[in-house]
$ cat protein-v7.pdb   # PDB, C-alpha atoms (C1' of nucleotides)
ATOM      1  CA  MET Q   1      10.796 -29.229  -7.616
ATOM      2  CA  GLY Q   2      12.980 -28.305 -10.544
ATOM      3  CA  GLN Q   3       9.755 -28.069 -12.447
ATOM      4  CA  THR Q   4       8.220 -25.670 -10.016
ATOM      5  CA  GLN Q   5      11.267 -23.516 -10.110
ATOM      6  CA  ALA Q   6      11.303 -23.513 -13.899
ATOM      7  CA  GLY Q   7       7.638 -22.574 -13.655
ATOM      8  CA  LEU Q   8       8.437 -19.692 -11.375
ATOM      9  CA  ILE Q   9      11.155 -18.370 -13.597
ATOM     10  CA  GLU Q  10       9.037 -18.809 -16.678
ATOM     11  CA  GLU Q  11       6.149 -16.971 -15.118
ATOM     12  CA  LEU Q  12       8.441 -14.174 -14.018
ATOM     13  CA  ARG Q  13       9.726 -13.781 -17.549
ATOM     14  CA  ALA Q  14       6.237 -13.916 -18.961
ATOM     15  CA  ARG Q  15       5.359 -10.938 -16.825
ATOM     16  CA  GLY Q  16       8.416  -9.085 -18.030
ATOM     17  CA  MET Q  17      10.364  -9.409 -14.814
ATOM     18  CA  ARG Q  18      14.085  -9.817 -14.925
ATOM     19  CA  MET Q  19      15.826 -12.964 -13.910
ATOM     20  CA  THR Q  20      18.765 -12.313 -11.646
ATOM     21  CA  PRO Q  21      21.029 -14.789  -9.871
ATOM     22  CA  GLN Q  22      19.721 -13.477  -6.563
ATOM     23  CA  ARG Q  23      16.163 -14.268  -7.499
ATOM     24  CA  ALA Q  24      17.086 -17.682  -8.818
ATOM     25  CA  ILE Q  25      18.839 -18.530  -5.555
ATOM     26  CA  ILE Q  26      15.979 -17.232  -3.476
ATOM     27  CA  PHE Q  27      13.385 -19.141  -5.503
ATOM     28  CA  GLU Q  28      15.347 -22.331  -5.202
ATOM     29  CA  THR Q  29      15.712 -21.850  -1.481
ATOM     30  CA  ILE Q  30      11.995 -21.360  -1.011
ATOM     31  CA  ASN Q  31      11.369 -24.466  -3.046
ATOM     32  CA  GLN Q  32      13.782 -26.505  -0.988
ATOM     33  CA  LEU Q  33      12.710 -25.255   2.413
ATOM     34  CA  GLU Q  34       9.239 -26.694   2.409
ATOM     35  CA  GLY Q  35       6.558 -25.517   4.713
ATOM     36  CA  HIS Q  36       6.487 -22.200   6.482
ATOM     37  CA  ILE Q  37       9.678 -20.251   6.576
ATOM     38  CA  THR Q  38      10.610 -16.769   7.671
ATOM     39  CA  ALA Q  39      12.491 -14.154   5.668
ATOM     40  CA  GLU Q  40      15.392 -14.566   8.049
ATOM     41  CA  GLU Q  41      15.499 -18.325   7.466
ATOM     42  CA  ILE Q  42      15.502 -17.819   3.731
ATOM     43  CA  PHE Q  43      18.218 -15.228   4.122
ATOM     44  CA  ALA Q  44      20.388 -17.565   6.204
ATOM     45  CA  GLN Q  45      20.010 -20.342   3.660
ATOM     46  CA  VAL Q  46      20.576 -18.043   0.710
ATOM     47  CA  GLN Q  47      23.762 -16.729   2.239
ATOM     48  CA  LYS Q  48      25.255 -20.199   2.214
ATOM     49  CA  VAL Q  49      25.017 -20.102  -1.559
ATOM     50  CA  ASN Q  50      26.096 -16.517  -1.978
ATOM     51  CA  ALA Q  51      27.109 -14.460   1.020
ATOM     52  CA  TYR Q  52      26.592 -11.173  -0.764
ATOM     53  CA  ILE Q  53      22.859 -11.336  -1.161
ATOM     54  CA  SER Q  54      21.228  -8.813   1.113
ATOM     55  CA  LEU Q  55      18.266  -9.213   3.393
ATOM     56  CA  ALA Q  56      16.566  -6.351   1.597
ATOM     57  CA  THR Q  57      16.633  -8.327  -1.622
ATOM     58  CA  VAL Q  58      15.074 -11.296   0.122
ATOM     59  CA  TYR Q  59      12.251  -9.083   1.331
ATOM     60  CA  ARG Q  60      11.820  -7.492  -2.064
ATOM     61  CA  THR Q  61      11.723 -10.878  -3.755
ATOM     62  CA  LEU Q  62       9.186 -12.162  -1.238
ATOM     63  CA  GLU Q  63       7.046  -9.152  -1.987
ATOM     64  CA  LEU Q  64       7.343  -9.876  -5.680
ATOM     65  CA  LEU Q  65       6.290 -13.488  -5.235
ATOM     66  CA  GLN Q  66       3.306 -12.354  -3.251
ATOM     67  CA  GLU Q  67       2.245 -10.054  -6.049
ATOM     68  CA  PHE Q  68       2.557 -13.033  -8.357
ATOM     69  CA  ASP Q  69       0.364 -14.954  -5.986
ATOM     70  CA  LEU Q  70       2.948 -17.694  -5.738
ATOM     71  CA  ILE Q  71       3.505 -17.521  -1.991
ATOM     72  CA  THR Q  72       1.330 -16.542   0.948
ATOM     73  CA  PRO Q  73       2.360 -14.824   4.132
ATOM     74  CA  THR Q  74       1.085 -16.170   7.409
ATOM     75  CA  ASN Q  75       1.452 -14.908  10.879
ATOM     76  CA  LEU Q  76       1.950 -17.689  13.376
ATOM     77  CA  GLY Q  77       2.020 -16.103  16.789
ATOM     78  CA  ASP Q  78       5.710 -15.320  16.485
ATOM     79  CA  SER Q  79       6.965 -11.872  15.694
ATOM     80  CA  GLN Q  80       8.161 -12.948  12.279
ATOM     81  CA  THR Q  81       6.027 -13.518   9.234
ATOM     82  CA  CYS Q  82       6.135 -16.931   7.630
ATOM     83  CA  PHE Q  83       5.848 -17.645   3.931
ATOM     84  CA  ALA Q  84       4.751 -20.741   2.058
ATOM     85  CA  LEU Q  85       4.334 -21.743  -1.545
ATOM     86  CA  LYS Q  86       0.771 -21.670  -2.664
ATOM     87  CA  GLU Q  87       1.077 -24.537  -5.097
ATOM     88  CA  HIS Q  88       0.093 -27.375  -2.830
ATOM     89  CA  CYS Q  89      -2.770 -25.643  -1.108
ATOM     90  CA  CYS Q  90      -6.016 -27.500  -1.142
ATOM     91  CA  HIS Q  91      -9.425 -25.949  -0.913
ATOM     92  CA  HIS Q  92     -12.243 -26.121   1.558
ATOM     93  CA  HIS Q  93     -15.872 -25.240   1.444
ATOM     94  CA  LEU Q  94     -18.022 -22.532   2.893
ATOM     95  CA  VAL Q  95     -21.595 -23.678   3.067
ATOM     96  CA  CYS Q  96     -24.336 -21.107   3.485
ATOM     97  CA  LEU Q  97     -26.974 -22.278   5.925
ATOM     98  CA  GLN Q  98     -29.589 -20.025   4.353
ATOM     99  CA  CYS Q  99     -29.271 -20.425   0.606
ATOM    100  CA  GLY Q 100     -27.151 -23.566   0.448
ATOM    101  CA  ASN Q 101     -24.617 -21.920  -1.791
ATOM    102  CA  ILE Q 102     -21.092 -23.305  -1.573
ATOM    103  CA  GLU Q 103     -17.886 -21.416  -2.149
ATOM    104  CA  GLU Q 104     -14.258 -22.356  -1.766
ATOM    105  CA  PHE Q 105     -11.489 -20.991   0.357
ATOM    106  CA  SER Q 106      -7.810 -21.707   0.670
ATOM    107  CA  ASP Q 107      -6.191 -24.080   3.121
ATOM    108  CA  ASP Q 108      -3.788 -21.312   4.111
ATOM    109  CA  LEU Q 109      -6.369 -19.984   6.505
ATOM    110  CA  PHE Q 110      -5.880 -23.007   8.677
ATOM    111  CA  ASP Q 111      -2.132 -22.526   9.038
ATOM    112  CA  LEU Q 112      -2.398 -20.898  12.410
ATOM    113  CA  VAL Q 113      -5.044 -23.322  13.675
ATOM    114  CA  ARG Q 114      -3.009 -26.297  12.551
ATOM    115  CA  SER Q 115       0.246 -25.165  14.044
ATOM    116  CA  ARG Q 116      -1.295 -24.142  17.330
ATOM    117  CA  LEU Q 117      -3.172 -27.418  17.755
ATOM    118  CA  GLU Q 118       0.056 -29.195  17.031
ATOM    119  CA  ASP Q 119       2.062 -27.114  19.475
ATOM    120  CA  GLU Q 120      -0.488 -26.895  22.243
ATOM    121  CA  HIS Q 121      -2.240 -30.250  22.023
ATOM    122  CA  GLY Q 122       0.150 -32.418  20.042
ATOM    123  CA  PHE Q 123      -2.821 -33.047  17.781
ATOM    124  CA  GLN Q 124      -2.287 -33.452  14.074
ATOM    125  CA  VAL Q 125      -5.393 -32.109  12.371
ATOM    126  CA  ARG Q 126      -6.491 -33.384   9.019
ATOM    127  CA  THR Q 127      -7.770 -30.278   7.348
ATOM    128  CA  ASP Q 128      -8.482 -31.880   4.016
ATOM    129  CA  HIS Q 129     -12.050 -31.775   2.821
ATOM    130  CA  MET Q 130     -13.258 -29.362   5.469
ATOM    131  CA  SER Q 131     -16.576 -27.621   5.370
ATOM    132  CA  LEU Q 132     -17.492 -24.592   7.389
ATOM    133  CA  PHE Q 133     -21.042 -23.411   7.857
ATOM    134  CA  GLY Q 134     -22.402 -19.931   8.180
ATOM    135  CA  VAL Q 135     -24.088 -17.156   6.265
ATOM    136  CA  CYS Q 136     -22.862 -15.973   2.881
ATOM    137  CA  LYS Q 137     -22.390 -12.417   1.705
ATOM    138  CA  ALA Q 138     -25.564 -12.339  -0.376
ATOM    139  CA  CYS Q 139     -27.773 -13.620   2.431
ATOM    140  CA  ARG Q 140     -26.234 -11.235   4.937
ATOM    141  CA  GLY Q 141     -26.868  -8.300   2.660
ATOM    142  CA  GLU Q 142     -30.622  -8.686   2.856
TER
ATOM    143  CA  MET N   1     -19.688  -5.501  31.786
ATOM    144  CA  GLY N   2     -19.333  -3.861  35.175
ATOM    145  CA  GLN N   3     -19.423  -7.354  36.534
ATOM    146  CA  THR N   4     -16.597  -8.512  34.363
ATOM    147  CA  GLN N   5     -14.534  -5.549  35.371
ATOM    148  CA  ALA N   6     -15.201  -6.155  39.024
ATOM    149  CA  GLY N   7     -14.165  -9.722  38.350
ATOM    150  CA  LEU N   8     -10.920  -8.609  36.801
ATOM    151  CA  ILE N   9     -10.071  -6.297  39.635
ATOM    152  CA  GLU N  10     -11.015  -8.888  42.187
ATOM    153  CA  GLU N  11      -8.876 -11.496  40.526
ATOM    154  CA  LEU N  12      -5.977  -9.082  40.321
ATOM    155  CA  ARG N  13      -6.209  -8.420  44.025
ATOM    156  CA  ALA N  14      -6.515 -12.101  44.798
ATOM    157  CA  ARG N  15      -3.208 -12.644  43.101
ATOM    158  CA  GLY N  16      -1.600  -9.877  45.087
ATOM    159  CA  MET N  17      -1.441  -7.378  42.246
ATOM    160  CA  ARG N  18      -1.926  -3.736  42.896
ATOM    161  CA  MET N  19      -4.880  -1.817  41.627
ATOM    162  CA  THR N  20      -3.882   1.448  40.016
ATOM    163  CA  PRO N  21      -6.053   4.027  38.271
ATOM    164  CA  GLN N  22      -4.181   3.287  35.041
ATOM    165  CA  ARG N  23      -5.065  -0.371  35.209
ATOM    166  CA  ALA N  24      -8.670   0.362  36.068
ATOM    167  CA  ILE N  25      -8.968   2.629  33.047
ATOM    168  CA  ILE N  26      -7.284   0.124  30.765
ATOM    169  CA  PHE N  27      -9.465  -2.731  31.988
ATOM    170  CA  GLU N  28     -12.605  -0.724  31.488
ATOM    171  CA  THR N  29     -11.500   0.242  28.009
ATOM    172  CA  ILE N  30     -10.861  -3.356  27.014
ATOM    173  CA  ASN N  31     -14.251  -4.283  28.365
ATOM    174  CA  GLN N  32     -15.948  -1.544  26.422
ATOM    175  CA  LEU N  33     -14.141  -2.034  23.150
ATOM    176  CA  GLU N  34     -15.490  -5.439  22.344
ATOM    177  CA  GLY N  35     -13.884  -7.724  19.855
ATOM    178  CA  HIS N  36     -10.327  -7.556  18.715
ATOM    179  CA  ILE N  37      -8.439  -4.420  19.477
ATOM    180  CA  THR N  38      -4.844  -3.353  19.164
ATOM    181  CA  ALA N  39      -2.651  -1.862  21.857
ATOM    182  CA  GLU N  40      -2.707   1.388  19.940
ATOM    183  CA  GLU N  41      -6.504   1.454  19.879
ATOM    184  CA  ILE N  42      -6.636   0.833  23.595
ATOM    185  CA  PHE N  43      -4.064   3.558  24.097
ATOM    186  CA  ALA N  44      -6.051   6.068  22.040
ATOM    187  CA  GLN N  45      -9.215   5.298  23.974
ATOM    188  CA  VAL N  46      -7.465   5.345  27.338
ATOM    189  CA  GLN N  47      -5.968   8.731  26.598
ATOM    190  CA  LYS N  48      -9.410  10.233  26.273
ATOM    191  CA  VAL N  49      -9.950   9.397  29.920
ATOM    192  CA  ASN N  50      -6.496  10.344  31.115
ATOM    193  CA  ALA N  51      -3.965  11.807  28.719
ATOM    194  CA  TYR N  52      -1.028  10.969  30.942
ATOM    195  CA  ILE N  53      -1.182   7.205  30.670
ATOM    196  CA  SER N  54       1.695   5.964  28.609
ATOM    197  CA  LEU N  55       1.737   3.431  25.832
ATOM    198  CA  ALA N  56       4.293   1.415  27.785
ATOM    199  CA  THR N  57       1.798   0.981  30.597
ATOM    200  CA  VAL N  58      -0.807  -0.241  28.132
ATOM    201  CA  TYR N  59       1.615  -2.860  26.866
ATOM    202  CA  ARG N  60       2.613  -3.848  30.379
ATOM    203  CA  THR N  61      -1.005  -4.197  31.413
ATOM    204  CA  LEU N  62      -1.799  -6.263  28.349
ATOM    205  CA  GLU N  63       1.066  -8.547  29.226
ATOM    206  CA  LEU N  64      -0.267  -8.834  32.743
ATOM    207  CA  LEU N  65      -3.732  -9.757  31.531
ATOM    208  CA  GLN N  66      -2.232 -12.407  29.301
ATOM    209  CA  GLU N  67      -0.432 -13.935  32.245
ATOM    210  CA  PHE N  68      -3.759 -13.958  34.027
ATOM    211  CA  ASP N  69      -5.216 -15.733  31.039
ATOM    212  CA  LEU N  70      -7.919 -13.103  30.755
ATOM    213  CA  ILE N  71      -7.113 -11.939  27.253
ATOM    214  CA  THR N  72      -5.606 -13.613  24.211
ATOM    215  CA  PRO N  73      -3.384 -12.081  21.583
ATOM    216  CA  THR N  74      -4.134 -12.796  17.960
ATOM    217  CA  ASN N  75      -2.306 -11.884  14.868
ATOM    218  CA  LEU N  76      -4.622 -10.950  12.060
ATOM    219  CA  GLY N  77      -2.479 -10.367   9.030
ATOM    220  CA  ASP N  78      -1.849  -6.775  10.037
ATOM    221  CA  SER N  79       1.393  -5.713  11.582
ATOM    222  CA  GLN N  80      -0.225  -5.060  14.922
ATOM    223  CA  THR N  81      -1.285  -7.655  17.447
ATOM    224  CA  CYS N  82      -4.939  -7.762  18.438
ATOM    225  CA  PHE N  83      -6.261  -8.650  21.841
ATOM    226  CA  ALA N  84      -9.602 -10.015  22.967
ATOM    227  CA  LEU N  85     -11.215 -11.003  26.222
ATOM    228  CA  LYS N  86     -11.251 -14.726  26.757
ATOM    229  CA  GLU N  87     -14.470 -14.782  28.735
ATOM    230  CA  HIS N  88     -16.880 -15.545  25.944
ATOM    231  CA  CYS N  89     -14.837 -18.171  24.227
ATOM    232  CA  CYS N  90     -16.583 -21.392  23.487
ATOM    233  CA  HIS N  91     -14.934 -24.720  22.988
ATOM    234  CA  HIS N  92     -14.565 -27.074  20.086
ATOM    235  CA  HIS N  93     -13.606 -30.670  19.738
ATOM    236  CA  LEU N  94     -10.632 -32.538  18.439
ATOM    237  CA  VAL N  95     -11.637 -36.040  17.467
ATOM    238  CA  CYS N  96      -8.968 -38.660  17.035
ATOM    239  CA  LEU N  97      -9.605 -40.833  14.014
ATOM    240  CA  GLN N  98      -7.595 -43.667  15.483
ATOM    241  CA  CYS N  99      -8.654 -44.016  19.085
ATOM    242  CA  GLY N 100     -11.821 -41.967  19.043
ATOM    243  CA  ASN N 101     -10.661 -39.866  21.953
ATOM    244  CA  ILE N 102     -12.087 -36.338  22.106
ATOM    245  CA  GLU N 103     -10.418 -33.296  23.556
ATOM    246  CA  GLU N 104     -11.390 -29.641  23.648
ATOM    247  CA  PHE N 105      -9.755 -26.537  22.310
ATOM    248  CA  SER N 106     -10.512 -22.864  22.495
ATOM    249  CA  ASP N 107     -12.471 -20.848  19.970
ATOM    250  CA  ASP N 108      -9.653 -18.313  19.918
ATOM    251  CA  LEU N 109      -7.839 -20.435  17.387
ATOM    252  CA  PHE N 110     -10.464 -19.570  14.842
ATOM    253  CA  ASP N 111     -10.054 -15.827  15.215
ATOM    254  CA  LEU N 112      -7.857 -15.503  12.176
ATOM    255  CA  VAL N 113      -9.936 -17.890  10.071
ATOM    256  CA  ARG N 114     -13.104 -16.085  10.988
ATOM    257  CA  SER N 115     -11.846 -12.615  10.304
ATOM    258  CA  ARG N 116     -10.224 -13.560   7.039
ATOM    259  CA  LEU N 117     -13.314 -15.328   5.721
ATOM    260  CA  GLU N 118     -15.300 -12.278   6.688
ATOM    261  CA  ASP N 119     -12.876  -9.869   5.036
ATOM    262  CA  GLU N 120     -12.095 -11.900   1.949
ATOM    263  CA  HIS N 121     -15.391 -13.650   1.270
ATOM    264  CA  GLY N 122     -17.935 -11.636   3.210
ATOM    265  CA  PHE N 123     -18.848 -14.953   4.787
ATOM    266  CA  GLN N 124     -19.917 -15.071   8.415
ATOM    267  CA  VAL N 125     -18.799 -18.433   9.745
ATOM    268  CA  ARG N 126     -20.604 -20.123  12.579
ATOM    269  CA  THR N 127     -17.777 -21.650  14.522
ATOM    270  CA  ASP N 128     -19.905 -22.940  17.352
ATOM    271  CA  HIS N 129     -19.922 -26.686  17.915
ATOM    272  CA  MET N 130     -17.061 -27.410  15.570
ATOM    273  CA  SER N 131     -15.254 -30.693  15.391
ATOM    274  CA  LEU N 132     -11.892 -31.249  13.802
ATOM    275  CA  PHE N 133     -10.548 -34.654  12.961
ATOM    276  CA  GLY N 134      -7.019 -35.945  13.015
ATOM    277  CA  VAL N 135      -4.581 -37.951  15.077
ATOM    278  CA  CYS N 136      -4.029 -37.332  18.761
ATOM    279  CA  LYS N 137      -0.757 -37.074  20.604
ATOM    280  CA  ALA N 138      -0.947 -40.555  22.088
ATOM    281  CA  CYS N 139      -1.663 -42.240  18.763
ATOM    282  CA  ARG N 140       1.073 -40.302  17.014
ATOM    283  CA  GLY N 141       3.601 -41.316  19.608
ATOM    284  CA  GLU N 142       3.350 -44.987  18.713
TER
ATOM    285  C1'  DG C   1       8.077   2.397  54.457
ATOM    286  C1'  DT C   2       8.688  -0.758  50.818
ATOM    287  C1'  DA C   3       7.760  -3.307  47.047
ATOM    288  C1'  DA C   4       5.524  -2.726  42.894
ATOM    289  C1'  DG C   5       3.838   0.362  39.080
ATOM    290  C1'  DT C   6       4.615   4.398  36.201
ATOM    291  C1'  DG C   7       6.429   7.698  32.603
ATOM    292  C1'  DC C   8       9.874   8.802  29.748
ATOM    293  C1'  DA C   9      13.184   7.974  26.499
ATOM    294  C1'  DA C  10      16.190   4.959  24.584
ATOM    295  C1'  DA C  11      16.736   0.243  22.753
ATOM    296  C1'  DC C  12      15.108  -3.371  20.085
ATOM    297  C1'  DA C  13      13.404  -6.543  16.198
ATOM    298  C1'  DG C  14      11.422  -7.012  11.874
ATOM    299  C1'  DT C  15      10.654  -4.776   7.764
ATOM    300  C1'  DT C  16      10.841  -0.946   4.314
ATOM    301  C1'  DT C  17      12.966   2.618   1.621
ATOM    302  C1'  DG C  18      16.260   6.215  -0.753
ATOM    303  C1'  DC C  19      19.970   6.441  -3.382
ATOM    304  C1'  DA C  20      24.112   5.439  -5.893
ATOM    305  C1'  DT C  21      25.971   1.504  -8.279
ATOM    306  C1'  DG C  22      25.666  -2.566 -11.096
ATOM    307  C1'  DA C  23      23.716  -5.830 -14.397
ATOM    308  C1'  DC C  24      19.766  -8.042 -17.320
ATOM    309  C1'  DG C  25      17.862  -7.928 -21.807
TER
ATOM    310  C1'  DC Y   1      22.489   1.450 -23.363
ATOM    311  C1'  DG Y   2      18.168   2.170 -20.815
ATOM    312  C1'  DT Y   3      15.748   0.339 -17.399
ATOM    313  C1'  DC Y   4      15.215  -2.297 -13.570
ATOM    314  C1'  DA Y   5      17.414  -4.858  -9.523
ATOM    315  C1'  DT Y   6      20.799  -4.656  -5.959
ATOM    316  C1'  DG Y   7      23.471  -3.399  -1.714
ATOM    317  C1'  DC Y   8      24.060  -0.547   1.815
ATOM    318  C1'  DA Y   9      22.636   2.158   5.402
ATOM    319  C1'  DA Y  10      19.309   4.825   7.312
ATOM    320  C1'  DA Y  11      14.339   5.188   8.414
ATOM    321  C1'  DC Y  12      10.227   3.297  10.219
ATOM    322  C1'  DT Y  13       6.770   0.660  13.064
ATOM    323  C1'  DG Y  14       5.371  -1.996  16.802
ATOM    324  C1'  DT Y  15       6.974  -3.452  21.113
ATOM    325  C1'  DT Y  16      10.143  -3.891  25.145
ATOM    326  C1'  DT Y  17      13.223  -2.213  28.680
ATOM    327  C1'  DG Y  18      16.287   0.596  32.091
ATOM    328  C1'  DC Y  19      15.932   3.837  35.288
ATOM    329  C1'  DA Y  20      14.510   7.465  38.355
ATOM    330  C1'  DC Y  21      10.290   8.701  40.440
ATOM    331  C1'  DT Y  22       5.708   7.833  42.377
ATOM    332  C1'  DT Y  23       2.087   5.336  44.552
ATOM    333  C1'  DA Y  24      -0.788   1.476  46.543
ATOM    334  C1'  DC Y  25      -1.088  -1.126  50.381
TER
END
$ encode --input "protein-v7.pdb" --output "structure tokens"
Amino acid sequence: MGQTQAGLIEELRARGMRMTPQRAIIFETINQLEGHITAEEIFAQVQKVNAYISLATVYRTLELLQEFDLITPTNLGDSQTCFALKEHCCHHHLVCLQCGNIEEFSDDLFDLVRSRLEDEHGFQVRTDHMSLFGVCKACRGE
Amino acid sequence: MGQTQAGLIEELRARGMRMTPQRAIIFETINQLEGHITAEEIFAQVQKVNAYISLATVYRTLELLQEFDLITPTNLGDSQTCFALKEHCCHHHLVCLQCGNIEEFSDDLFDLVRSRLEDEHGFQVRTDHMSLFGVCKACRGE
DNA sequence: GTAAGTGCAAACAGTTTGCATGACG
DNA sequence: CGTCATGCAAACTGTTTGCACTTAC
């Protein structure tokens, strides 16, 4: 956890971004609040540390982290957008039924499926090591 | 197509809802615009038929159709919500790894996965006859 | 005729943005 | 000390709602 945060800060610096107390607090909050959280939730948590951090800064920082490819936004039915760290995301496979080629895709894509199956069916899906079948870009192009 | 629309209207009437020209136009539009469409897209199309139908009515009708379980909303990354007819949706299976019990779930859940794999990888997934594995409600409760 | 549906405009929620001020490096 | 980040408030987008009016049944 501390490591991840140090990693975040380090990477920010490496890309010439400035390190501000606001950003540090927001990063730490995202690290602590595991799973999918909304901007508003981050804001609420962040305000406990420092009440003078604005919601706009939270949004701007989230945007920054997205550009850095460190978090991913997901839309889970609700009106609000959720965010999650990318670090732990596993990969799945896309298998082409025509040429047999296999490519990978991120586990993020299953966020909505997972949460809805949990909410609507009480079913806890194991999405590790999934394979989806279909037709790849190259084969479709012909 | 005409059949589906007749079905919609019939079902509306059966539930004691009124049939208005606005609703007829909106239904027909949803039928014609296959796939996932936004309220705004429906509105634009509907206005070509009758320019005096308001966006509010489109939203109200969409809400109505959701209550009737005839369309499903989906959130595909964009800011706007997409809607699709439920009629063609196939079913998939949830297989419990502990008790072996199998339950069904709707293909709608894959909307986001499908569209993102198409957009991001150019991959056309075949989501028919899918099975997902995990732990069912009953087994989790223990 | 009466309950339900409509249009309009105003309200609303979530997010973004312009600008003056403040602070990192 | 220059540049970039912040806070504030106002703008913006997608959606919902209150209300007077209209219409289906």
$ resolve_selection --input "protein-v7.pdb" --expression "the PyMOL selection byres ((chain Q) within 9 of (chain C))" --output "PyMOL selection string"
chain Q and resi 18-20+56+59+79-81
$ closest_atom_pairs --input "protein-v7.pdb" --of "chain N" --to "chain Q" --cutoff "6 Å" --atoms "all atoms listed in the file" --output "CSV"
residue,atom,partner,partner_atom,distance
N:Leu109,CA,Q:Val113,CA,5.5
N:Val113,CA,Q:Leu109,CA,5.5
N:Gly122,CA,Q:Lys137,CA,4.8
N:Phe123,CA,Q:Cys136,CA,4.6
N:Gln124,CA,Q:Val135,CA,5.1
N:Val125,CA,Q:Gly134,CA,4.2
N:Arg126,CA,Q:Gly134,CA,4.8
N:Phe133,CA,Q:Val125,CA,5.8
N:Gly134,CA,Q:Val125,CA,4.2
N:Val135,CA,Q:Gln124,CA,5.1
N:Cys136,CA,Q:Phe123,CA,4.6
N:Lys137,CA,Q:Gly122,CA,4.8
$ write_last_selection --input "protein-v7.pdb" --atoms "C-alpha atoms" --output "PDB file, in the coordinates of the input"
ATOM      1  CA  LEU N 109      -7.839 -20.435  17.387  1.00  0.00           C
ATOM      2  CA  VAL N 113      -9.936 -17.890  10.071  1.00  0.00           C
ATOM      3  CA  GLY N 122     -17.935 -11.636   3.210  1.00  0.00           C
ATOM      4  CA  PHE N 123     -18.848 -14.953   4.787  1.00  0.00           C
ATOM      5  CA  GLN N 124     -19.917 -15.071   8.415  1.00  0.00           C
ATOM      6  CA  VAL N 125     -18.799 -18.433   9.745  1.00  0.00           C
ATOM      7  CA  ARG N 126     -20.604 -20.123  12.579  1.00  0.00           C
ATOM      8  CA  PHE N 133     -10.548 -34.654  12.961  1.00  0.00           C
ATOM      9  CA  GLY N 134      -7.019 -35.945  13.015  1.00  0.00           C
ATOM     10  CA  VAL N 135      -4.581 -37.951  15.077  1.00  0.00           C
ATOM     11  CA  CYS N 136      -4.029 -37.332  18.761  1.00  0.00           C
ATOM     12  CA  LYS N 137      -0.757 -37.074  20.604  1.00  0.00           C
TER      13      LYS N 137
END
$ resolve_selection --input "protein-v7.pdb" --expression "the PyMOL selection byres ((chain Q) within 12 of (chain Y))" --output "list in words"
Gly16, Met17, Arg18, Met19, Thr20, Pro21, Gln22, Arg23, Ala51, Tyr52, Ile53, Ser54, Leu55, Ala56, Thr57, Val58, Arg60, Thr61, Leu64 and Ser79 of chain Q
$ atom_distance --input "protein-v7.pdb" --atom1 "atom CA of N:Phe27" --atom2 "atom CA of N:Ala14"
16.1 Å
$ residues_near_point --input "protein-v7.pdb" --point "(-6.6, 6.2, 21.4)" --cutoff "12 Å" --atoms "all atoms listed in the file" --output "list in words"
Ile26, Thr29, Ile30, Leu33, Ile37, Thr38, Ala39, Glu40, Glu41, Ile42, Phe43, Ala44, Gln45, Val46, Gln47, Lys48, Val49, Asn50, Ala51, Ile53, Ser54, Leu55 and Val58 of chain N
$ atom_distance --input "protein-v7.pdb" --atom1 "atom CA of Q:Leu65" --atom2 "atom CA of Q:Arg15"
11.9 Å
$ atom_distance --input "protein-v7.pdb" --atom1 "atom CA of N:Cys99" --atom2 "atom CA of N:Ser131"
15.3 Å
$ residues_around --input "protein-v7.pdb" --residues "Q:Leu70" --least-positions-apart "3" --cutoff "10 Å" --atoms "all atoms listed in the file" --output "JSON, numbers by chain"
{"Q": [8, 11, 62, 64, 65, 66, 67, 84, 85, 86, 87]}
$ closest_residue --input "protein-v7.pdb" --among "Q:Asp107, Q:Gly35, Q:Arg13, Q:Phe83" --to "Q:Glu63" --atoms "all atoms listed in the file"
Q:Phe83
$ decode --input "protein-v7.pdb" --residues "chain Y" --atoms "C-alpha atoms (C1' of nucleotides)" --output "tab-separated table (two decimals), in the first residue's frame"
chain	number	residue	atom	x	y	z
Y	1	DC	C1'	10.26	33.57	-9.70
Y	2	DG	C1'	7.84	31.18	-13.46
Y	3	DT	C1'	4.86	27.77	-14.13
Y	4	DC	C1'	1.52	24.79	-12.78
Y	5	DA	C1'	-2.19	23.46	-9.28
Y	6	DT	C1'	-5.90	25.09	-6.49
Y	7	DG	C1'	-10.41	27.03	-4.86
Y	8	DC	C1'	-14.36	29.10	-5.90
Y	9	DA	C1'	-18.25	29.84	-8.45
Y	10	DA	C1'	-20.38	29.67	-12.61
Y	11	DA	C1'	-21.29	26.84	-16.75
Y	12	DC	C1'	-22.58	22.62	-18.83
Y	13	DT	C1'	-24.82	18.05	-19.88
Y	14	DG	C1'	-28.03	14.56	-19.22
Y	15	DT	C1'	-32.14	13.71	-16.84
Y	16	DT	C1'	-36.20	14.63	-13.82
Y	17	DT	C1'	-40.10	17.25	-12.16
Y	18	DG	C1'	-44.04	20.77	-11.18
Y	19	DC	C1'	-47.68	22.63	-13.22
Y	20	DA	C1'	-51.20	24.18	-16.36
Y	21	DC	C1'	-53.24	22.33	-20.36
Y	22	DT	C1'	-54.80	18.63	-23.42
Y	23	DT	C1'	-56.39	14.17	-24.72
Y	24	DA	C1'	-57.62	9.11	-24.63
Y	25	DC	C1'	-61.00	6.30	-23.12
